[in-house]
$ cat upload-v6.cif   # mmCIF, C-alpha atoms
data_final
#
loop_
_atom_site.label_atom_id
_atom_site.label_comp_id
_atom_site.auth_asym_id
_atom_site.auth_seq_id
_atom_site.Cartn_x
_atom_site.Cartn_y
_atom_site.Cartn_z
CA MET A 1 6.90 28.08 -79.56
CA ALA A 2 7.07 31.36 -81.43
CA PHE A 3 7.66 33.14 -78.20
CA PHE A 4 10.61 30.93 -77.49
CA LYS A 5 12.33 31.12 -80.80
CA GLY A 6 11.87 34.85 -80.96
CA ALA A 7 12.72 36.05 -77.54
CA CYS A 8 13.63 33.94 -74.62
CA ARG A 9 16.41 31.96 -76.24
CA LYS A 10 18.29 35.18 -76.40
CA LYS A 11 18.25 35.42 -72.69
CA ASN A 12 16.96 38.53 -71.06
CA CYS A 13 16.01 40.51 -74.07
CA TRP A 14 12.36 40.44 -73.18
CA ASN A 15 11.09 43.95 -73.21
CA GLN A 16 14.30 45.70 -72.43
CA SER A 17 12.48 49.01 -72.53
CA VAL A 18 11.82 48.53 -68.86
CA PRO A 19 14.96 48.67 -66.71
CA GLN A 20 15.45 45.75 -64.40
CA HIS A 21 15.11 47.65 -61.15
CA GLN A 22 11.66 48.83 -62.10
CA CYS A 23 10.39 45.35 -62.87
CA PRO A 24 8.52 43.33 -60.31
CA GLN A 25 10.89 40.63 -59.07
CA MET A 26 9.73 37.03 -58.85
CA THR A 27 11.59 34.05 -57.49
CA ILE A 28 10.70 30.64 -58.85
CA ALA A 29 11.99 27.34 -57.49
CA LEU A 30 12.44 24.34 -59.74
CA ALA A 31 12.00 21.08 -57.86
CA GLY A 32 11.41 17.47 -58.83
CA ASN A 33 12.56 13.89 -58.58
CA PRO A 34 16.09 13.09 -59.75
CA ASN A 35 16.50 12.80 -63.51
CA THR A 36 13.24 14.37 -64.64
CA GLY A 37 14.84 17.13 -66.69
CA LYS A 38 14.85 20.00 -64.21
CA SER A 39 18.14 21.35 -65.52
CA THR A 40 16.92 21.06 -69.12
CA VAL A 41 13.86 23.12 -68.21
CA PHE A 42 16.12 25.54 -66.35
CA ASN A 43 18.42 25.99 -69.34
CA ALA A 44 15.56 26.36 -71.79
CA LEU A 45 13.89 29.07 -69.70
CA THR A 46 17.00 31.05 -68.80
CA GLY A 47 19.09 30.49 -71.91
CA LEU A 48 21.92 29.34 -69.70
CA ARG A 49 24.00 26.27 -70.29
CA GLN A 50 24.05 24.70 -66.93
CA HIS A 51 25.48 21.24 -67.16
CA THR A 52 22.81 18.63 -67.81
CA GLY A 53 23.44 14.95 -67.61
CA ASN A 54 21.45 11.80 -67.56
CA TRP A 55 22.30 10.69 -64.08
CA PRO A 56 20.81 11.37 -60.70
CA GLY A 57 22.53 13.60 -58.21
CA LYS A 58 23.96 15.90 -60.84
CA THR A 59 22.74 19.18 -59.39
CA VAL A 60 24.06 19.08 -55.88
CA GLN A 61 24.09 22.77 -55.21
CA ARG A 62 21.43 25.04 -56.44
CA ALA A 63 22.02 27.25 -59.44
CA GLU A 64 20.26 30.46 -60.38
CA GLY A 65 19.39 32.10 -63.65
CA SER A 66 16.87 34.67 -64.75
CA PHE A 67 14.56 35.73 -67.53
CA TYR A 68 12.00 38.39 -68.31
CA TYR A 69 8.37 37.78 -69.09
CA LYS A 70 5.62 40.37 -69.36
CA ASN A 71 7.80 43.07 -67.82
CA LYS A 72 8.65 40.95 -64.83
CA HIS A 73 12.05 39.73 -63.80
CA PHE A 74 11.99 36.05 -62.85
CA THR A 75 14.83 34.44 -60.96
CA LEU A 76 14.78 30.71 -61.47
CA VAL A 77 16.43 28.48 -58.88
CA ASP A 78 17.37 24.99 -60.00
CA LEU A 79 17.24 22.64 -57.00
CA PRO A 80 18.78 19.19 -56.64
CA GLY A 81 16.47 16.28 -57.38
CA THR A 82 14.58 14.78 -54.46
CA TYR A 83 12.04 12.05 -53.95
CA SER A 84 10.83 13.69 -50.82
CA LEU A 85 11.09 16.74 -48.61
CA PHE A 86 11.88 14.62 -45.57
CA ALA A 87 15.56 14.86 -46.22
CA ASN A 88 17.97 11.97 -46.04
CA SER A 89 20.89 13.54 -47.87
CA VAL A 90 22.50 16.95 -48.21
CA ASP A 91 21.02 17.69 -51.63
CA GLU A 92 17.55 16.73 -50.43
CA GLN A 93 18.06 19.07 -47.53
CA VAL A 94 19.08 21.92 -49.84
CA ALA A 95 15.86 21.49 -51.83
CA ARG A 96 13.69 21.17 -48.76
CA ASP A 97 15.08 24.17 -46.92
CA TYR A 98 14.76 26.33 -50.00
CA ILE A 99 11.10 25.52 -50.62
CA CYS A 100 10.22 25.61 -46.94
CA PHE A 101 12.04 28.65 -45.73
CA THR A 102 12.96 30.90 -48.64
CA ARG A 103 9.38 30.94 -49.80
CA PRO A 104 9.65 31.44 -53.56
CA ASP A 105 6.76 33.15 -55.36
CA ALA A 106 6.04 29.86 -57.10
CA THR A 107 7.47 26.36 -57.11
CA VAL A 108 7.56 24.38 -60.34
CA ILE A 109 7.68 20.65 -59.81
CA VAL A 110 9.14 18.91 -62.82
CA THR A 111 7.81 15.36 -63.14
CA ASP A 112 8.58 12.44 -65.41
CA ALA A 113 5.62 11.60 -67.65
CA THR A 114 6.87 8.03 -68.08
CA CYS A 115 6.50 7.24 -64.38
CA LEU A 116 4.20 9.87 -63.03
CA GLU A 117 2.98 7.95 -59.99
CA ARG A 118 6.46 7.92 -58.49
CA ASN A 119 6.66 11.70 -58.89
CA LEU A 120 3.33 12.66 -57.36
CA ASN A 121 4.56 11.99 -53.82
CA LEU A 122 6.79 15.04 -54.00
CA VAL A 123 4.02 17.08 -55.63
CA LEU A 124 1.72 16.39 -52.68
CA GLN A 125 4.48 17.19 -50.20
CA VAL A 126 5.21 20.56 -51.82
CA MET A 127 1.49 21.34 -52.02
CA GLU A 128 1.33 20.86 -48.25
CA ILE A 129 3.83 23.69 -47.82
CA THR A 130 2.63 26.15 -50.42
CA PRO A 131 -0.38 26.48 -52.71
CA ARG A 132 1.74 28.33 -55.29
CA VAL A 133 2.62 25.28 -57.30
CA VAL A 134 2.86 24.53 -61.01
CA VAL A 135 3.25 20.90 -62.04
CA CYS A 136 5.30 20.41 -65.19
CA VAL A 137 4.82 16.96 -66.69
CA ASN A 138 8.07 16.74 -68.60
CA LEU A 139 9.56 14.12 -70.94
CA MET A 140 6.30 13.94 -72.87
CA ASP A 141 8.27 13.01 -76.00
CA GLU A 142 9.63 9.94 -74.24
CA ALA A 143 6.19 9.05 -72.86
CA GLU A 144 4.69 9.20 -76.34
CA ARG A 145 7.35 6.85 -77.57
CA LYS A 146 6.23 4.42 -74.88
CA TYR A 147 2.55 4.97 -75.79
CA ILE A 148 1.83 6.62 -72.46
CA ARG A 149 -0.83 9.28 -72.51
CA VAL A 150 -1.27 11.80 -69.71
CA ASP A 151 -4.65 13.40 -69.08
CA VAL A 152 -3.35 16.79 -68.04
CA ASP A 153 -6.76 18.37 -67.46
CA LEU A 154 -7.89 15.56 -65.19
CA LEU A 155 -4.63 15.64 -63.26
CA SER A 156 -4.96 19.38 -62.85
CA SER A 157 -8.50 19.15 -61.50
CA GLU A 158 -7.54 16.26 -59.19
CA LEU A 159 -4.58 18.16 -57.74
CA GLY A 160 -6.17 21.59 -57.85
CA VAL A 161 -3.04 23.21 -59.32
CA PRO A 162 -2.04 24.05 -62.92
CA VAL A 163 -0.48 21.15 -64.80
CA ILE A 164 1.49 21.71 -68.03
CA ALA A 165 2.79 18.90 -70.25
CA THR A 166 6.17 19.71 -71.79
CA ALA A 167 9.09 18.25 -73.68
CA ALA A 168 11.86 20.57 -72.53
CA ARG A 169 14.51 19.02 -74.75
CA SER A 170 12.73 20.24 -77.86
CA GLY A 171 11.21 23.28 -76.16
CA ARG A 172 7.65 22.07 -76.62
CA SER A 173 5.00 23.88 -74.53
CA LEU A 174 7.53 25.82 -72.50
CA ASP A 175 5.66 29.00 -73.42
CA LYS A 176 2.61 27.56 -71.67
CA LEU A 177 4.76 26.72 -68.67
CA ILE A 178 6.08 30.27 -68.40
CA ASP A 179 2.59 31.65 -68.65
CA ALA A 180 1.38 29.34 -65.86
CA ILE A 181 4.38 30.33 -63.70
CA ASP A 182 3.57 33.98 -64.25
CA ARG A 183 -0.08 33.54 -63.38
CA VAL A 184 0.66 31.56 -60.21
CA ALA A 185 3.52 33.80 -59.02
CA SER A 186 1.55 36.97 -59.49
CA GLY A 187 -1.48 35.42 -57.81
CA ARG A 188 -3.66 35.98 -60.85
CA ILE A 189 -5.23 32.56 -60.63
CA LYS A 190 -6.79 31.20 -57.51
CA ILE A 191 -5.35 27.87 -56.57
CA THR A 192 -7.01 25.44 -54.24
CA PRO A 193 -4.65 22.50 -53.92
CA ARG A 194 -6.21 19.27 -52.76
CA LEU A 195 -4.37 18.38 -49.59
CA VAL A 196 -3.91 15.04 -47.91
CA THR A 197 -6.33 14.51 -45.02
CA TYR A 198 -4.89 12.33 -42.29
CA ASP A 199 -6.58 10.12 -39.68
CA SER A 200 -9.00 11.96 -37.42
CA GLU A 201 -6.58 11.43 -34.54
CA ILE A 202 -3.78 13.22 -36.37
CA GLU A 203 -6.06 15.92 -37.74
CA TYR A 204 -7.20 16.63 -34.18
CA LEU A 205 -3.60 17.01 -33.00
CA VAL A 206 -2.73 19.16 -36.02
CA GLN A 207 -5.55 21.55 -35.20
CA ARG A 208 -4.51 21.90 -31.59
CA ILE A 209 -0.81 22.42 -32.38
CA GLU A 210 -1.61 24.77 -35.25
CA LEU A 211 -3.54 27.02 -32.92
CA LYS A 212 -0.65 27.20 -30.48
CA ILE A 213 2.17 27.76 -32.97
CA SER A 214 0.43 30.15 -35.36
CA PRO A 215 1.40 33.24 -33.35
CA LEU A 216 4.98 32.00 -32.94
CA ILE A 217 6.00 31.38 -36.53
CA PRO A 218 6.56 34.11 -39.11
CA ALA A 219 3.87 34.90 -41.66
CA GLY A 220 4.29 32.89 -44.82
CA LEU A 221 5.35 29.71 -43.11
CA ASN A 222 2.45 27.29 -43.21
CA PRO A 223 1.36 26.45 -39.64
CA ARG A 224 -0.35 23.23 -40.67
CA TRP A 225 2.84 22.02 -42.26
CA VAL A 226 4.96 22.96 -39.25
CA ALA A 227 2.46 21.18 -36.97
CA LEU A 228 2.71 18.01 -39.07
CA ARG A 229 6.49 18.07 -38.91
CA LEU A 230 6.44 18.54 -35.16
CA ILE A 231 4.19 15.48 -34.88
CA ASP A 232 6.61 13.62 -37.15
CA GLY A 233 9.40 14.50 -34.73
CA ASP A 234 11.73 14.97 -37.70
CA ARG A 235 14.87 16.37 -36.06
CA GLY A 236 16.34 17.70 -39.30
CA ILE A 237 13.37 19.91 -40.06
CA ILE A 238 13.13 21.12 -36.48
CA ASP A 239 16.83 22.11 -36.60
CA SER A 240 16.39 23.93 -39.91
CA LEU A 241 13.35 25.68 -38.48
CA GLN A 242 15.42 26.81 -35.52
CA ILE A 243 18.13 28.25 -37.76
CA TYR A 244 15.54 29.91 -39.94
CA LEU A 245 13.76 31.52 -36.99
CA ASP A 246 17.08 32.83 -35.63
CA ASP A 247 18.02 34.25 -39.02
CA ASP A 248 14.63 35.81 -39.34
CA LYS A 249 15.28 37.83 -36.22
CA LYS A 250 18.75 38.90 -37.38
CA GLY A 251 17.72 39.81 -40.88
CA SER A 252 18.10 38.01 -44.14
CA PRO A 253 18.94 34.30 -44.13
CA GLN A 254 22.39 33.28 -45.26
CA TRP A 255 22.72 30.96 -48.20
CA GLY A 256 26.02 29.53 -49.24
CA GLU A 257 25.13 28.83 -52.81
CA GLU A 258 26.78 29.01 -56.13
CA LYS A 259 25.28 31.89 -58.01
CA ILE A 260 25.35 32.16 -61.75
CA LEU A 261 24.76 35.65 -62.96
CA CYS A 262 23.24 36.01 -66.31
CA THR A 263 22.06 39.59 -66.17
CA ARG A 264 24.29 41.94 -68.05
CA MET B 1 -0.97 -21.57 -57.33
CA ASN B 2 -0.60 -20.29 -53.81
CA ILE B 3 0.89 -17.24 -52.24
CA GLU B 4 3.89 -17.16 -49.98
CA THR B 5 4.99 -14.34 -47.73
CA LEU B 6 8.71 -13.66 -47.58
CA THR B 7 11.08 -10.75 -47.10
CA LEU B 8 12.25 -8.70 -50.06
CA ALA B 9 15.80 -9.90 -49.35
CA GLN B 10 14.64 -13.46 -50.07
CA LEU B 11 13.04 -12.64 -53.43
CA PRO B 12 15.16 -14.41 -56.07
CA VAL B 13 16.64 -12.54 -59.04
CA GLY B 14 14.11 -12.36 -61.88
CA ARG B 15 11.08 -12.93 -59.67
CA SER B 16 8.52 -10.36 -58.65
CA GLY B 17 6.09 -9.94 -55.82
CA ARG B 18 3.83 -7.41 -54.19
CA ILE B 19 4.70 -5.42 -51.09
CA ASP B 20 2.62 -6.53 -48.13
CA THR B 21 4.00 -4.84 -45.02
CA LEU B 22 6.88 -2.56 -44.08
CA LEU B 23 8.49 -3.65 -40.84
CA ALA B 24 10.92 -0.72 -40.89
CA ARG B 25 10.23 2.19 -38.59
CA GLY B 26 11.21 5.83 -38.36
CA MET B 27 13.31 7.43 -41.10
CA THR B 28 13.97 4.14 -42.88
CA ARG B 29 10.24 3.58 -43.23
CA ARG B 30 9.75 7.14 -44.44
CA ARG B 31 12.54 6.68 -46.98
CA LEU B 32 11.11 3.42 -48.29
CA LEU B 33 7.68 5.01 -48.69
CA ASP B 34 9.23 7.99 -50.51
CA LEU B 35 11.00 5.63 -52.89
CA GLY B 36 7.62 4.15 -53.78
CA LEU B 37 7.63 1.02 -51.63
CA VAL B 38 4.00 1.24 -50.61
CA PRO B 39 1.90 -1.84 -49.76
CA GLY B 40 0.45 -3.24 -53.00
CA THR B 41 3.40 -2.08 -55.14
CA GLU B 42 4.96 -4.64 -57.45
CA VAL B 43 8.71 -5.20 -57.05
CA LYS B 44 11.05 -7.26 -59.13
CA THR B 45 14.57 -8.32 -58.21
CA ILE B 46 16.85 -7.23 -61.06
CA ARG B 47 20.32 -8.28 -59.94
CA SER B 48 22.67 -8.55 -57.01
CA SER B 49 26.01 -6.80 -56.78
CA PRO B 50 29.07 -9.09 -56.96
CA SER B 51 29.34 -9.26 -53.19
CA GLY B 52 25.63 -10.09 -52.94
CA ASP B 53 24.74 -6.83 -51.24
CA PRO B 54 23.17 -4.44 -52.17
CA THR B 55 20.55 -5.76 -54.58
CA ALA B 56 18.80 -3.83 -57.35
CA TYR B 57 15.01 -3.86 -57.49
CA LYS B 58 12.62 -2.49 -60.08
CA ILE B 59 10.04 -0.37 -58.31
CA ARG B 60 7.48 1.75 -60.13
CA GLY B 61 9.56 2.18 -63.23
CA THR B 62 12.87 2.92 -61.51
CA VAL B 63 15.72 0.65 -60.44
CA ILE B 64 16.55 1.12 -56.79
CA ALA B 65 19.34 -0.54 -54.84
CA LEU B 66 18.64 -1.63 -51.28
CA ARG B 67 20.96 -3.04 -48.68
CA GLU B 68 20.05 -6.42 -47.34
CA GLU B 69 19.41 -5.11 -43.84
CA VAL B 70 16.75 -2.79 -45.30
CA ALA B 71 15.31 -5.36 -47.75
CA ARG B 72 14.80 -7.72 -44.81
CA GLU B 73 12.38 -5.22 -43.32
CA VAL B 74 10.01 -5.38 -46.29
CA LEU B 75 7.51 -8.24 -46.40
CA ILE B 76 6.25 -9.24 -49.82
CA ARG B 77 3.85 -11.77 -51.25
CA MET B 78 5.00 -13.94 -54.10
CA GLU B 79 2.93 -16.32 -56.19
CA ILE B 80 4.27 -19.86 -56.11
CA TYR B 81 3.43 -22.20 -58.95
CA SER B 82 3.46 -25.83 -57.87
CA ALA B 83 4.40 -28.49 -60.44
CA LYS B 84 0.89 -29.92 -60.23
CA GLY B 85 -0.88 -26.62 -60.69
CA VAL B 86 0.69 -25.68 -64.00
#
$ encode --input "upload-v6.cif" --output "structure tokens"
Amino acid sequence: MAFFKGACRKKNCWNQSVPQHQCPQMTIALAGNPNTGKSTVFNALTGLRQHTGNWPGKTVQRAEGSFYYKNKHFTLVDLPGTYSLFANSVDEQVARDYICFTRPDATVIVTDATCLERNLNLVLQVMEITPRVVVCVNLMDEAERKYIRVDVDLLSSELGVPVIATAARSGRSLDKLIDAIDRVASGRIKITPRLVTYDSEIEYLVQRIELKISPLIPAGLNPRWVALRLIDGDRGIIDSLQIYLDDDKKGSPQWGEEKILCTR
Amino acid sequence: MNIETLTLAQLPVGRSGRIDTLLARGMTRRRLLDLGLVPGTEVKTIRSSPSGDPTAYKIRGTVIALREEVAREVLIRMEIYSAKGV
């Protein structure tokens, strides 16, 4: 808490002795189901006032903000809420493509403590793409009001990724969240996410496809995940993959997003 | 008390049941699973829109509206209390 009151609220004033261009740059994605408080977490961490509202579908385009922590410059990307990464709508596609293809240094999945089970689907899906995951169990204040208790340590050991319980509205435990983000993004903690194991038939196919596609896809893209999507036959992801691979050859991918600059 | 199998579209307002089978295939199935409609999940019919379609269901702590054509593809089991049994 002290950390928050003192420093981060005032935006980027963390350790201004180090100029921005000399800081290590980290990109952090903020994902989660609709209406779990992603934008509240985003605002609290960046000091921005992105519009928050208690209705789903509010953040349709992604927004960016930044903050400093331990001499590192973090860019936080607020993604639209999704139940899944197998996109059905434009905003789900925005979230999916960002996590899949832009490869942030860490992905924070904001979950609703009052109905955690509904949120864990997305957590498992993101963990399949990248091990660099921090689970933020938000709305703890509301959960307490409903006499719901969350065993964060057990959840963390079950998932194999750091889990932090927060109440972003009042700023509670956000310092712990930032610390976890920093540790995951910089690779200072070893994460071994527990992945879903499918039927032996599927696992056999995954192994065979993985072997074939590994040399074809760029480093950083998870071959197991790509193999699973190919088996799915999900056209949308295959199309996005195509665009991404083309862009990769040309240079940097193009993103038509709204960018909020908060660095002065 | 016995158990009857019916489609989610047939579940009356105010009643609840447990999801038994998803008949939907492809992306619709995927979507339903993502929304939390997994076999064994309890669902309750909250209300119907004025035209009768879509209908709102309570699923794992969230209210979700489904069109009738989709709700027909979800089989649920509902407990029936006979007059004698109570």
$ residues_around --input "upload-v6.cif" --residues "Ile129 (chain A)" --least-positions-apart "4" --cutoff "9 Å" --atoms "only C-alpha atoms" --output "short mmCIF file (atom, residue, chain, number, x, y, z; two decimals) with C-alpha atoms, in the coordinates of the input"
data_model
loop_
_atom_site.label_atom_id
_atom_site.label_comp_id
_atom_site.auth_asym_id
_atom_site.auth_seq_id
_atom_site.Cartn_x
_atom_site.Cartn_y
_atom_site.Cartn_z
CA ILE A 99 11.10 25.52 -50.62
CA CYS A 100 10.22 25.61 -46.94
CA GLN A 125 4.48 17.19 -50.20
CA LEU A 221 5.35 29.71 -43.11
CA ASN A 222 2.45 27.29 -43.21
CA PRO A 223 1.36 26.45 -39.64
CA ARG A 224 -0.35 23.23 -40.67
CA TRP A 225 2.84 22.02 -42.26
CA VAL A 226 4.96 22.96 -39.25
#
$ closest_residue --input "upload-v6.cif" --among "A:Phe42, A:Phe74, A:Phe101, A:Tyr83" --to "chain B" --atoms "all atoms listed in the file"
A:Tyr83
$ resolve_selection --input "upload-v6.cif" --expression "the PyMOL selection byres ((chain B and resi 72) around 8)" --output "PyMOL selection string"
chain B and resi 7-10+68-71+73-75
$ interface_residues --input "upload-v6.cif" --of "chain B" --to "chain A" --cutoff "9 Å" --atoms "only C-alpha atoms" --output "ChimeraX atom specification"
/B:27,30-31,34-36,60-62
$ atom_distance --input "upload-v6.cif" --atom1 "CA of Leu216 (chain A)" --atom2 "CA of Tyr98 (chain A)"
20.5 Å
$ build_atoms --input "upload-v6.cif" --residues "region 226-245 of chain A" --atoms "N, CA and C atoms" --output "PDB file, in the frame of the given file"
ATOM      1  N   VAL A 226       4.051  22.998 -40.396  1.00  0.00           N
ATOM      2  CA  VAL A 226       4.960  22.960 -39.250  1.00  0.00           C
ATOM      3  C   VAL A 226       4.404  22.008 -38.182  1.00  0.00           C
ATOM      4  N   ALA A 227       3.091  22.060 -37.955  1.00  0.00           N
ATOM      5  CA  ALA A 227       2.460  21.180 -36.970  1.00  0.00           C
ATOM      6  C   ALA A 227       2.679  19.713 -37.343  1.00  0.00           C
ATOM      7  N   LEU A 228       2.516  19.398 -38.615  1.00  0.00           N
ATOM      8  CA  LEU A 228       2.710  18.010 -39.070  1.00  0.00           C
ATOM      9  C   LEU A 228       4.137  17.550 -38.850  1.00  0.00           C
ATOM     10  N   ARG A 229       5.089  18.455 -39.087  1.00  0.00           N
ATOM     11  CA  ARG A 229       6.490  18.070 -38.910  1.00  0.00           C
ATOM     12  C   ARG A 229       6.836  17.884 -37.441  1.00  0.00           C
ATOM     13  N   LEU A 230       6.207  18.699 -36.592  1.00  0.00           N
ATOM     14  CA  LEU A 230       6.440  18.540 -35.160  1.00  0.00           C
ATOM     15  C   LEU A 230       5.908  17.185 -34.698  1.00  0.00           C
ATOM     16  N   ILE A 231       4.753  16.789 -35.232  1.00  0.00           N
ATOM     17  CA  ILE A 231       4.190  15.480 -34.880  1.00  0.00           C
ATOM     18  C   ILE A 231       5.116  14.363 -35.387  1.00  0.00           C
ATOM     19  N   ASP A 232       5.646  14.569 -36.587  1.00  0.00           N
ATOM     20  CA  ASP A 232       6.610  13.620 -37.150  1.00  0.00           C
ATOM     21  C   ASP A 232       7.813  13.437 -36.237  1.00  0.00           C
ATOM     22  N   GLY A 233       8.201  14.530 -35.563  1.00  0.00           N
ATOM     23  CA  GLY A 233       9.400  14.500 -34.730  1.00  0.00           C
ATOM     24  C   GLY A 233      10.659  14.446 -35.575  1.00  0.00           C
ATOM     25  N   ASP A 234      10.578  14.975 -36.804  1.00  0.00           N
ATOM     26  CA  ASP A 234      11.730  14.970 -37.700  1.00  0.00           C
ATOM     27  C   ASP A 234      12.757  16.005 -37.230  1.00  0.00           C
ATOM     28  N   ARG A 235      13.847  15.525 -36.661  1.00  0.00           N
ATOM     29  CA  ARG A 235      14.870  16.370 -36.060  1.00  0.00           C
ATOM     30  C   ARG A 235      15.429  17.365 -37.078  1.00  0.00           C
ATOM     31  N   GLY A 236      15.713  16.864 -38.266  1.00  0.00           N
ATOM     32  CA  GLY A 236      16.340  17.700 -39.300  1.00  0.00           C
ATOM     33  C   GLY A 236      15.522  18.949 -39.586  1.00  0.00           C
ATOM     34  N   ILE A 237      14.216  18.767 -39.731  1.00  0.00           N
ATOM     35  CA  ILE A 237      13.370  19.910 -40.060  1.00  0.00           C
ATOM     36  C   ILE A 237      13.273  20.856 -38.864  1.00  0.00           C
ATOM     37  N   ILE A 238      13.222  20.290 -37.676  1.00  0.00           N
ATOM     38  CA  ILE A 238      13.130  21.120 -36.480  1.00  0.00           C
ATOM     39  C   ILE A 238      14.403  21.976 -36.346  1.00  0.00           C
ATOM     40  N   ASP A 239      15.571  21.362 -36.643  1.00  0.00           N
ATOM     41  CA  ASP A 239      16.830  22.110 -36.600  1.00  0.00           C
ATOM     42  C   ASP A 239      16.845  23.240 -37.623  1.00  0.00           C
ATOM     43  N   SER A 240      16.419  22.917 -38.859  1.00  0.00           N
ATOM     44  CA  SER A 240      16.390  23.930 -39.910  1.00  0.00           C
ATOM     45  C   SER A 240      15.438  25.068 -39.526  1.00  0.00           C
ATOM     46  N   LEU A 241      14.343  24.701 -38.913  1.00  0.00           N
ATOM     47  CA  LEU A 241      13.350  25.680 -38.480  1.00  0.00           C
ATOM     48  C   LEU A 241      13.963  26.625 -37.458  1.00  0.00           C
ATOM     49  N   GLN A 242      14.740  26.041 -36.564  1.00  0.00           N
ATOM     50  CA  GLN A 242      15.420  26.810 -35.520  1.00  0.00           C
ATOM     51  C   GLN A 242      16.363  27.834 -36.149  1.00  0.00           C
ATOM     52  N   ILE A 243      17.185  27.362 -37.090  1.00  0.00           N
ATOM     53  CA  ILE A 243      18.130  28.250 -37.760  1.00  0.00           C
ATOM     54  C   ILE A 243      17.387  29.358 -38.494  1.00  0.00           C
ATOM     55  N   TYR A 244      16.317  28.951 -39.169  1.00  0.00           N
ATOM     56  CA  TYR A 244      15.540  29.910 -39.940  1.00  0.00           C
ATOM     57  C   TYR A 244      14.933  30.976 -39.041  1.00  0.00           C
ATOM     58  N   LEU A 245      14.389  30.568 -37.904  1.00  0.00           N
ATOM     59  CA  LEU A 245      13.760  31.520 -36.990  1.00  0.00           C
ATOM     60  C   LEU A 245      14.796  32.482 -36.420  1.00  0.00           C
TER      61      LEU A 245
END
